[in-house]
Amino acid sequence: MEDSVLTAEETILETRDLTAGFDGKDVVHGVSLAVPKWKVTAIMGPSGCGKTTFMRCINRMHELAPNAQVSGEVLLDGQDVYHINPIELRRRIGMVFQRPNPFPTMSIYNNVVAGYTLNGARMDRTDRDQIVEETLRRTTLWDEVKDALYRRGSFLSGGQQQRLCIARALAMKPEILLLDEPTSALDPKSTAAIEELIVSLKGSVTIVQVTHNIPQAARISDYTAFIHLGELVEFGPTNKLFTVPKDKRTEEYLSGKFG
Amino acid sequence: MRPQMTPRGVRASDPALRGRLRADKAFMGGMLAISMIAVLPLVLILLFIIIRGASSINWQFLTELPKPMGEAGGGISNAIVGTVILIIVASVISMPLGILSGIFLSESGKSGLGRVTRLSVETLMGVPSIVIGIVAYVWVVRPMGHFSALSGGVALAMIMLPVITLSTEETLLLIPMSLREAALALGVSYPRTVLKVILPAGASGVITGALLGVARAAGETAPLLFTSFGSPYMVLDILKPMASLPQTIYFYATSPYPAWQTLAWGASFVLLVLVLVLNLLTKLVTSRWKTQF
Amino acid sequence: MTQSIESKGGRLPIARASDSAFRALLFFGGIVVSVLLVAILLSLVLSSRPALVANGFRFLTGTEWDPVTNSFHALPFVFGTLITSLLALVIATVLALALSILMGEYFRTGVFASLMRTAVELLAGIPSIVYGFIGLFFLVPVVRAVEIAIGVTPFGVGILTSSILLAFMILPYSASIGREMLSLVPTDLKEAALSLGATRSEMVWKVSLPFARSGILGGVFLSLGRALGETMAVTMVIGNANTMTLNLFSPGNTMASLIANEFSEATTPVYLASLIEIALLLFIISTVINIIGKVVINRMVGAA
């Protein structure tokens with residue numbers, strides 16, 4: 001097993017021997033990984049290899065499933081997340097799902113600040129306006145929706161809706177953004193827009209992205225972890241992993257032999 | 001070259017087949033005829049009520065109180081107001097409980113308690129309304145010592161409760177998991193997720209359920225016979241007996257006075273319109289406000 | 001008790017106590033209906049206790065109902081309930097089946113189809129009292145005329161009259177269940193029959209109906225459950241006679257109509273309690289039948 005050693009990067013998130021599953025059966029086996037700060041780390045692997053389950057352990061969404069089990073450690077800035085209140089944790093970690101899921105009963109404006117308003121935070125109008133504009137600009141949606149902020153998001157295209165969901169997560173100023181195959185339900189043009197957005201966020205947000213799209217991982221990620229059958233096979237800088245993979249399984253996956 | 005389509009009406013050559021085809025046509029004809037017997041008489045009679053009842057509707061009818069025995073004229077204003085008040089009392093009791101049970105069933109429907117609850121709800125739905133009336137009599141009228149709109153409201157609430165519960169559950173189950181996950185992933189607590197995300201998303205269905213419950217309760221007579229009982233006066237105090245549309249219809253329809261019977265026709269018309277409007281509203285809410293996922 | 005974290009431009013309260021309070025609230029919502037049902041049963045039993053004690057088991061087998069001598073027996077009314085319901089069921093099933101087949105097979109789309117569907121929906125929403133009113137003013141004279149023609153005592157009201165009225169009342173419900181059950185029949189099964197050369201009616205008769213049989217049966221049970229509890233319409237046209245007879249043209253009483261007719265006039269405690277005992281009996285019988293109906297339907301839907 002390749003050690004998840006990072007050289008000059010600062011680690012923001014670390015998992016130690018993370019094992020998780022359902023109904024007595026584990027789908028993630030002892031994954032130890034160190035995620036570098038402010039970079040894009042791709043979690044890659046064939047369907048069903050446990051990568052999504054792994055990611056959902058980070059923001060403790062996994063435990064919401066019935067009969068879920070998890071063991072090991074997940075350390076955010078050195079602090080074990082399983083010793084923090086999960087609700088508080090989820091405010092520090094943002095998540096974007098495979099299918100865009102803006103809240104259908106809320107306007108675009110309210111969707112962006114949903115993380116605050118749903119939690120009962122008291123904010124005055126100017127603060128909210130500022131967050132909405134800032135975040136929508138950051139996700140390059142501002143110009144497209146600034147005249148329709150109070151309309152519901154259902155008229156937006158799939159790609160725009162997904163950018164709205166990213167905005168909604170970013171508005172909370174999370175330390176880490178978890179992306180679960182965010183472009184797999186989108187058309188190529190929207191995919192490209194979102195990839196551009198992800199790249200632009202480097203340096204200000206740490207991103208962990210689950211993907212089974214190999215070229216996408218190659219395009220946008222700085223580090224890649226390859227997971228197969230629940231085990232961490234290899235982890236390292238993307239360009240190295242893609243060109244000179246150390247493990248035969250990685251090589252086979254990259255050349256399309258399975259997955 | 002397109003194959004020749006068999007022209008319609010070609011006689012089959014085999015006599016046995018001809019017999020079967022005749023039987024086929026006869027079958028469809030028979031189904032049509034029986035269906036018409038099933039539907040037509042009632043539709044015709046409804047039209048009759050509507051026409052006859054509509055002719056009694058005038059301002060006087062809607063605003064006056066009924067006149068004493070045998071006198072012509074009078075109105076059903078107390079019955080209309082009574083029905084409204086009874087529905088309000090019943091809704092105040094049944095809607096919060098119904099929505100709460102509906103939420104419970106949608107969240108924990110598969111658990112042991114969930115299955116027991118569902119069985120109870122469906123059983124309650126099937127309890128004859130007169131039995132409910134008796135129960136309300138025992139629970140409210142007896143201790144109070146007299147009939148009251150409150151007891152009528154309690155009875156109607158028990159009738160509305162299962163309708164609202166099942167409708168709420170059905171609606172909430174339709175809401176995709178991803179919405180709940182989106183809220184939870186933002187760090188929203190479970191109660192807020194249910195109250196501020198899931199329930200609003202299912203609002204149209206919950207409202208529909210409420211409307212259906214009201215439609216059902218508005219037409220019930222049996223449970224009111226010994227609870228709200230009825231009254232010839234305009235009553236606004238829920239601790240007193242109160243008239244209502246269905247009870248008024250029963251009372252006047254079965255009386256020997258033609259003047260009162262006329263009132264019953266008019267009241268039937270008003271009740272029919274009320275129920276029809278409620279059903280239409282339900283359809284409207286579903287089509288216009290239903291949130292698309 | 002709630003801390004808040006000062007950050008991100010706003011105060012975000014940490015939820016802790018509210019989570020378990022909410023779950024408790026939901027739990028309450030879960031048990032309230034069950035508790036209500038148990039309370040209903042208990043109330044019925046407790047309130048009818050004077051009668052349970054006074055009447056004993058012969059309550060279920062005797063045929064006399066005489067408030068003057070405090071002789072109360074349920075059999076005439078159980079009989080009345082069952083016979084009107086079963087007769088209504090037979091009539092309604094024929095009518096509803098025809099409607100289901102028409103709407104489920106022959107006219108699924110189109111103007112006529114929507115007209116039929118609307119008509120059935122409308123009919124399903126008509127309150128019981130209006131049906132009673134209609135029955136009193138339209139059906140009773142017709143039955144009276146028929147009785148005169150046959151040479152029977154022209155009551156007009158009676159068991160037959162209430163059965164017919166009841167049939168029309170439960171048929172919209174039966175028709176929609178039947179239509180739903182027929183729509184569950186897999187298309188490939190129907191096409192298999194047609195491809196073998198069956199006519200449409202043969203397909204319906206030999207493939208669709210047998211397939212939907214248990215569901216339709218379940219629907220019949222549920223309709224029976226509804227018929228048992230029907231009060232107002234029956235009360236208005238059954239004639240209010242506390243006798244037990246097989247003569248369909250004579251008046252009678254069902255459990256529900258008995259209660260409706262006599263409850264407000266029950267003077268003695270035993271009289272009242274006996275009527276409540278009748279209500280208890282009605283409750284038990286209709287609950288049992290409804291449960292059987294649900295089980296049958298569930299099996300059909302599960303098998304589909």
# chains A, B, ... in the order shown; residues from 1 in each chain; ligands from 1

$ closest_atom_pairs --of "chain A" --to "chain C" --cutoff "9 Å" --atoms "only C-alpha atoms" --output "CSV"
residue,atom,partner,partner_atom,distance
A:Asn85,CA,C:Ile14,CA,8.6
A:Ile87,CA,C:Ile14,CA,7.5
A:Glu88,CA,C:Ile14,CA,6.8
A:Tyr116,CA,C:Leu12,CA,7.2
A:Asn119,CA,C:Leu12,CA,6.3
A:Gly120,CA,C:Leu12,CA,6.7
A:Ala121,CA,C:Leu12,CA,4.8
A:Arg122,CA,C:Gly10,CA,5.9
A:Met123,CA,C:Gly10,CA,5.6
A:Asp124,CA,C:Gly10,CA,8.8
A:Asp127,CA,C:Gly9,CA,7.0
A:Arg128,CA,C:Gly9,CA,8.7
A:Ile131,CA,C:Gly9,CA,8.7
A:Ala171,CA,C:Lys8,CA,8.6
A:Met172,CA,C:Lys8,CA,6.8
A:Lys173,CA,C:Lys8,CA,6.9

$ write_last_selection --atoms "C-alpha atoms" --output "PDB file, in the first residue's frame"
ATOM      1  CA  ASN A  85     -21.092  17.575  17.070  1.00  0.00           C
ATOM      2  CA  ILE A  87     -24.146  19.341  12.788  1.00  0.00           C
ATOM      3  CA  GLU A  88     -21.386  21.740  13.653  1.00  0.00           C
ATOM      4  CA  TYR A 116     -27.610  30.285   7.333  1.00  0.00           C
ATOM      5  CA  ASN A 119     -29.990  27.158  10.843  1.00  0.00           C
ATOM      6  CA  GLY A 120     -31.766  30.168  12.257  1.00  0.00           C
ATOM      7  CA  ALA A 121     -28.836  32.532  11.968  1.00  0.00           C
ATOM      8  CA  ARG A 122     -29.690  36.164  12.357  1.00  0.00           C
ATOM      9  CA  MET A 123     -28.258  38.237   9.584  1.00  0.00           C
ATOM     10  CA  ASP A 124     -29.281  41.607   8.389  1.00  0.00           C
ATOM     11  CA  ASP A 127     -24.860  40.910   5.113  1.00  0.00           C
ATOM     12  CA  ARG A 128     -27.031  38.503   3.205  1.00  0.00           C
ATOM     13  CA  ILE A 131     -22.795  36.891   0.788  1.00  0.00           C
ATOM     14  CA  ALA A 171     -21.516  30.481   1.146  1.00  0.00           C
ATOM     15  CA  MET A 172     -20.813  28.739   4.428  1.00  0.00           C
ATOM     16  CA  LYS A 173     -17.096  29.388   3.860  1.00  0.00           C
TER      17      LYS A 173
END

$ interface_residues --of "chain B" --to "chain A" --cutoff "7 Å" --atoms "only C-alpha atoms" --output "list in words"
Ser178, Leu179, Ala182, Ala185, Leu186, Gly187, Val188, Ser189, Arg192, Lys196, Pro200, Ala201, Thr291 and Phe293 of chain B

$ interface_residues --of "chain B" --to "chain C" --cutoff "6 Å" --atoms "only C-alpha atoms" --output "list in words"
Asp24, Met31, Ser35, Ala38, Leu100, Ser101, Phe104, Thr117, Ser120, Pro128, Val131, Pro191 and Gly219 of chain B

$ write_last_selection --atoms "N, CA and C atoms" --output "PDB file, in the first residue's frame"
ATOM      1  N   ASP B  24     -68.248 -10.692 -28.766  1.00  0.00           N
ATOM      2  CA  ASP B  24     -67.336  -9.628 -28.366  1.00  0.00           C
ATOM      3  C   ASP B  24     -68.038  -8.284 -28.385  1.00  0.00           C
ATOM      4  N   MET B  31     -71.350  -4.012 -21.328  1.00  0.00           N
ATOM      5  CA  MET B  31     -70.603  -3.233 -20.339  1.00  0.00           C
ATOM      6  C   MET B  31     -71.037  -1.773 -20.383  1.00  0.00           C
ATOM      7  N   SER B  35     -72.938   0.184 -17.393  1.00  0.00           N
ATOM      8  CA  SER B  35     -72.276   1.375 -16.860  1.00  0.00           C
ATOM      9  C   SER B  35     -73.206   2.568 -16.880  1.00  0.00           C
ATOM     10  N   ALA B  38     -75.445   2.422 -14.133  1.00  0.00           N
ATOM     11  CA  ALA B  38     -74.766   2.765 -12.887  1.00  0.00           C
ATOM     12  C   ALA B  38     -74.651   4.268 -12.706  1.00  0.00           C
ATOM     13  N   LEU B 100     -48.586  15.805  12.069  1.00  0.00           N
ATOM     14  CA  LEU B 100     -47.534  15.202  12.877  1.00  0.00           C
ATOM     15  C   LEU B 100     -47.460  13.694  12.658  1.00  0.00           C
ATOM     16  N   SER B 101     -48.601  13.021  12.706  1.00  0.00           N
ATOM     17  CA  SER B 101     -48.578  11.570  12.464  1.00  0.00           C
ATOM     18  C   SER B 101     -48.113  11.268  11.050  1.00  0.00           C
ATOM     19  N   PHE B 104     -44.465  11.487  11.021  1.00  0.00           N
ATOM     20  CA  PHE B 104     -43.914  10.307  11.682  1.00  0.00           C
ATOM     21  C   PHE B 104     -43.923   9.110  10.736  1.00  0.00           C
ATOM     22  N   THR B 117     -48.782   2.022  13.772  1.00  0.00           N
ATOM     23  CA  THR B 117     -49.477   3.289  13.537  1.00  0.00           C
ATOM     24  C   THR B 117     -50.269   3.252  12.253  1.00  0.00           C
ATOM     25  N   SER B 120     -53.357   1.351  12.684  1.00  0.00           N
ATOM     26  CA  SER B 120     -54.342   2.119  13.453  1.00  0.00           C
ATOM     27  C   SER B 120     -55.000   3.174  12.599  1.00  0.00           C
ATOM     28  N   PRO B 128     -67.184   3.249  11.287  1.00  0.00           N
ATOM     29  CA  PRO B 128     -68.406   3.917  10.845  1.00  0.00           C
ATOM     30  C   PRO B 128     -68.584   5.234  11.582  1.00  0.00           C
ATOM     31  N   VAL B 131     -70.442   5.436  14.876  1.00  0.00           N
ATOM     32  CA  VAL B 131     -69.722   4.967  16.061  1.00  0.00           C
ATOM     33  C   VAL B 131     -68.868   6.107  16.615  1.00  0.00           C
ATOM     34  N   PRO B 191     -34.584  18.462  13.020  1.00  0.00           N
ATOM     35  CA  PRO B 191     -35.899  19.105  13.094  1.00  0.00           C
ATOM     36  C   PRO B 191     -36.059  20.217  12.080  1.00  0.00           C
ATOM     37  N   GLY B 219     -69.656  16.716   4.848  1.00  0.00           N
ATOM     38  CA  GLY B 219     -70.865  16.031   4.445  1.00  0.00           C
ATOM     39  C   GLY B 219     -71.396  15.044   5.474  1.00  0.00           C
TER      40      GLY B 219
END

$ select_by_dssp --residues "range 1-119 of chain C" --states "strand (DSSP E or B)" --output "ChimeraX atom specification"
/C:4-7,10-13,65-66,71-72

$ write_last_selection --atoms "C-alpha atoms" --output "mmCIF file, in the first residue's frame"
data_model
loop_
_atom_site.group_PDB
_atom_site.id
_atom_site.type_symbol
_atom_site.label_atom_id
_atom_site.label_comp_id
_atom_site.auth_asym_id
_atom_site.auth_seq_id
_atom_site.Cartn_x
_atom_site.Cartn_y
_atom_site.Cartn_z
ATOM 1 C CA SER C 4 -23.290 29.871 19.289
ATOM 2 C CA ILE C 5 -20.248 30.161 17.095
ATOM 3 C CA GLU C 6 -19.427 33.667 16.058
ATOM 4 C CA SER C 7 -18.287 33.397 12.510
ATOM 5 C CA GLY C 10 -23.862 35.506 11.611
ATOM 6 C CA ARG C 11 -24.589 33.569 14.730
ATOM 7 C CA LEU C 12 -25.378 29.939 14.167
ATOM 8 C CA PRO C 13 -27.016 28.237 17.124
ATOM 9 C CA TRP C 65 -85.887 -5.348 20.788
ATOM 10 C CA ASP C 66 -88.332 -3.860 23.225
ATOM 11 C CA SER C 71 -85.375 -6.656 26.285
ATOM 12 C CA PHE C 72 -82.553 -5.896 23.928
#

$ select_by_dssp --residues "range 13-202 of chain B" --states "alpha helix (DSSP H)" --output "ChimeraX atom specification"
/B:15-56,59-63,77-108,112-126,129-136,142-144,149-174,177-185,190-192,199-201

$ residues_around --residues "range 238-250 of chain A" --least-positions-apart "2" --cutoff "12 Å" --atoms "only C-alpha atoms" --output "PDB file with C-alpha atoms, in the first residue's frame"
ATOM      1  CA  MET A   1       0.000   0.000   0.000  1.00  0.00           C
ATOM      2  CA  GLU A   2       1.310   3.334  -0.982  1.00  0.00           C
ATOM      3  CA  ASP A   3       1.880   5.603   1.954  1.00  0.00           C
ATOM      4  CA  LYS A  39      -5.579  21.692  -3.422  1.00  0.00           C
ATOM      5  CA  VAL A  40      -7.918  19.520  -5.400  1.00  0.00           C
ATOM      6  CA  THR A  41      -7.681  15.885  -4.402  1.00  0.00           C
ATOM      7  CA  ALA A  42      -9.469  13.417  -6.628  1.00  0.00           C
ATOM      8  CA  ILE A  43     -10.754  10.132  -5.238  1.00  0.00           C
ATOM      9  CA  MET A  44     -10.858   7.857  -8.202  1.00  0.00           C
ATOM     10  CA  GLY A  45     -11.985   4.306  -8.739  1.00  0.00           C
ATOM     11  CA  PRO A  46     -14.450   2.005 -10.459  1.00  0.00           C
ATOM     12  CA  ILE A 214     -10.369   9.585 -15.419  1.00  0.00           C
ATOM     13  CA  PRO A 215      -9.636  12.416 -17.848  1.00  0.00           C
ATOM     14  CA  GLN A 216     -11.425  14.862 -15.555  1.00  0.00           C
ATOM     15  CA  ALA A 217      -9.280  13.784 -12.627  1.00  0.00           C
ATOM     16  CA  ALA A 218      -6.232  14.235 -14.776  1.00  0.00           C
ATOM     17  CA  ARG A 219      -7.354  17.694 -15.874  1.00  0.00           C
ATOM     18  CA  ILE A 220      -8.209  19.339 -12.639  1.00  0.00           C
ATOM     19  CA  SER A 221      -6.775  17.564  -9.650  1.00  0.00           C
ATOM     20  CA  ASP A 222      -3.445  18.142  -7.954  1.00  0.00           C
ATOM     21  CA  TYR A 223      -3.464  14.881  -6.056  1.00  0.00           C
ATOM     22  CA  THR A 224      -5.235  11.666  -6.790  1.00  0.00           C
ATOM     23  CA  ALA A 225      -6.131   8.704  -4.616  1.00  0.00           C
ATOM     24  CA  PHE A 226      -7.059   5.486  -6.334  1.00  0.00           C
ATOM     25  CA  ILE A 227      -9.432   3.295  -4.388  1.00  0.00           C
ATOM     26  CA  HIS A 228     -10.268  -0.218  -5.447  1.00  0.00           C
ATOM     27  CA  LEU A 229     -12.543  -2.618  -3.580  1.00  0.00           C
ATOM     28  CA  GLU A 231      -8.755  -0.140  -0.256  1.00  0.00           C
ATOM     29  CA  LEU A 232      -6.466   2.754  -0.932  1.00  0.00           C
ATOM     30  CA  VAL A 233      -4.262   1.400  -3.683  1.00  0.00           C
ATOM     31  CA  GLU A 234      -2.201   4.440  -4.442  1.00  0.00           C
ATOM     32  CA  PHE A 235      -2.052   8.122  -3.614  1.00  0.00           C
ATOM     33  CA  GLY A 236       0.164  10.864  -4.923  1.00  0.00           C
ATOM     34  CA  GLU A 252      -4.774  -1.292 -15.274  1.00  0.00           C
ATOM     35  CA  TYR A 253      -7.525   1.059 -14.162  1.00  0.00           C
ATOM     36  CA  LEU A 254      -5.981   3.983 -15.986  1.00  0.00           C
ATOM     37  CA  SER A 255      -5.715   2.008 -19.154  1.00  0.00           C
ATOM     38  CA  GLY A 256      -9.335   1.071 -18.959  1.00  0.00           C
ATOM     39  CA  LYS A 257      -8.992  -2.584 -18.141  1.00  0.00           C
ATOM     40  CA  PHE A 258     -11.797  -2.373 -15.640  1.00  0.00           C
ATOM     41  CA  GLY A 259     -14.223   0.065 -14.068  1.00  0.00           C
TER      42      GLY A 259
END

$ atom_distance --atom1 "CA of Thr153 in chain C" --atom2 "CA of Pro141 in chain C"
13.1 Å

$ atom_distance --atom1 "CA of Leu62 in chain B" --atom2 "CA of Trp260 in chain B"
14.5 Å

$ residues_around --residues "Glu64 in chain C" --least-positions-apart "3" --cutoff "12 Å" --atoms "only C-alpha atoms" --output "list in words"
Asn55, Arg58, Phe59, Leu60, Thr61, Pro67, Val68, Thr69, Asn70, Ser71, Phe72, His73, Ala74, Leu75, Pro76, Phe77, Ala241, Asn242, Thr243 and Met244 of chain C

$ write_last_selection --atoms "N, CA and C atoms" --output "PDB file, in the first residue's frame"
ATOM      1  N   ASN C  55     -77.675  -7.803  29.389  1.00  0.00           N
ATOM      2  CA  ASN C  55     -78.143  -8.586  28.252  1.00  0.00           C
ATOM      3  C   ASN C  55     -77.454  -9.929  28.104  1.00  0.00           C
ATOM      4  N   ARG C  58     -77.096 -13.695  25.234  1.00  0.00           N
ATOM      5  CA  ARG C  58     -78.294 -13.807  24.403  1.00  0.00           C
ATOM      6  C   ARG C  58     -78.524 -12.545  23.592  1.00  0.00           C
ATOM      7  N   PHE C  59     -77.756 -11.526  23.906  1.00  0.00           N
ATOM      8  CA  PHE C  59     -77.817 -10.302  23.120  1.00  0.00           C
ATOM      9  C   PHE C  59     -77.597 -10.605  21.652  1.00  0.00           C
ATOM     10  N   LEU C  60     -76.682 -11.546  21.430  1.00  0.00           N
ATOM     11  CA  LEU C  60     -76.326 -11.828  20.049  1.00  0.00           C
ATOM     12  C   LEU C  60     -77.277 -12.797  19.369  1.00  0.00           C
ATOM     13  N   THR C  61     -78.104 -13.484  20.138  1.00  0.00           N
ATOM     14  CA  THR C  61     -78.919 -14.507  19.503  1.00  0.00           C
ATOM     15  C   THR C  61     -80.406 -14.223  19.548  1.00  0.00           C
ATOM     16  N   PRO C  67     -87.764  -1.705  24.166  1.00  0.00           N
ATOM     17  CA  PRO C  67     -87.271  -0.827  25.235  1.00  0.00           C
ATOM     18  C   PRO C  67     -88.185  -0.815  26.454  1.00  0.00           C
ATOM     19  N   VAL C  68     -89.465  -1.100  26.216  1.00  0.00           N
ATOM     20  CA  VAL C  68     -90.406  -1.041  27.342  1.00  0.00           C
ATOM     21  C   VAL C  68     -90.094  -2.112  28.380  1.00  0.00           C
ATOM     22  N   THR C  69     -89.812  -3.317  27.869  1.00  0.00           N
ATOM     23  CA  THR C  69     -89.525  -4.395  28.809  1.00  0.00           C
ATOM     24  C   THR C  69     -88.030  -4.587  29.030  1.00  0.00           C
ATOM     25  N   ASN C  70     -87.239  -3.634  28.506  1.00  0.00           N
ATOM     26  CA  ASN C  70     -85.778  -3.737  28.618  1.00  0.00           C
ATOM     27  C   ASN C  70     -85.234  -5.017  28.028  1.00  0.00           C
ATOM     28  N   SER C  71     -85.849  -5.439  26.939  1.00  0.00           N
ATOM     29  CA  SER C  71     -85.375  -6.656  26.285  1.00  0.00           C
ATOM     30  C   SER C  71     -84.650  -6.261  25.006  1.00  0.00           C
ATOM     31  N   PHE C  72     -83.342  -6.360  25.058  1.00  0.00           N
ATOM     32  CA  PHE C  72     -82.553  -5.896  23.928  1.00  0.00           C
ATOM     33  C   PHE C  72     -81.754  -7.016  23.311  1.00  0.00           C
ATOM     34  N   HIS C  73     -81.953  -7.212  22.022  1.00  0.00           N
ATOM     35  CA  HIS C  73     -81.171  -8.224  21.327  1.00  0.00           C
ATOM     36  C   HIS C  73     -80.749  -7.717  19.970  1.00  0.00           C
ATOM     37  N   ALA C  74     -79.575  -8.123  19.559  1.00  0.00           N
ATOM     38  CA  ALA C  74     -78.974  -7.497  18.385  1.00  0.00           C
ATOM     39  C   ALA C  74     -79.255  -8.209  17.079  1.00  0.00           C
ATOM     40  N   LEU C  75     -79.689  -9.448  17.133  1.00  0.00           N
ATOM     41  CA  LEU C  75     -79.737 -10.242  15.900  1.00  0.00           C
ATOM     42  C   LEU C  75     -80.497  -9.606  14.738  1.00  0.00           C
ATOM     43  N   PRO C  76     -81.679  -9.026  14.969  1.00  0.00           N
ATOM     44  CA  PRO C  76     -82.382  -8.435  13.814  1.00  0.00           C
ATOM     45  C   PRO C  76     -81.542  -7.386  13.100  1.00  0.00           C
ATOM     46  N   PHE C  77     -80.746  -6.680  13.868  1.00  0.00           N
ATOM     47  CA  PHE C  77     -80.010  -5.575  13.261  1.00  0.00           C
ATOM     48  C   PHE C  77     -78.730  -6.042  12.613  1.00  0.00           C
ATOM     49  N   ALA C 241     -88.080  -0.522  11.227  1.00  0.00           N
ATOM     50  CA  ALA C 241     -88.904  -1.545  11.894  1.00  0.00           C
ATOM     51  C   ALA C 241     -87.968  -2.540  12.548  1.00  0.00           C
ATOM     52  N   ASN C 242     -88.169  -2.829  13.828  1.00  0.00           N
ATOM     53  CA  ASN C 242     -87.229  -3.682  14.536  1.00  0.00           C
ATOM     54  C   ASN C 242     -87.574  -5.153  14.430  1.00  0.00           C
ATOM     55  N   THR C 243     -87.898  -5.565  13.219  1.00  0.00           N
ATOM     56  CA  THR C 243     -88.236  -6.975  13.038  1.00  0.00           C
ATOM     57  C   THR C 243     -87.189  -7.635  12.183  1.00  0.00           C
ATOM     58  N   MET C 244     -87.201  -8.948  12.232  1.00  0.00           N
ATOM     59  CA  MET C 244     -86.241  -9.676  11.424  1.00  0.00           C
ATOM     60  C   MET C 244     -87.018 -10.529  10.447  1.00  0.00           C
TER      61      MET C 244
END

$ residues_around --residues "Ile49 in chain B" --least-positions-apart "4" --cutoff "9 Å" --atoms "only C-alpha atoms" --output "count of residues only"
9

$ closest_residue --among "C:Pro50, C:Arg117, C:Phe249, C:Leu86" --to "Ile150 in chain C" --atoms "only C-alpha atoms"
C:Phe249
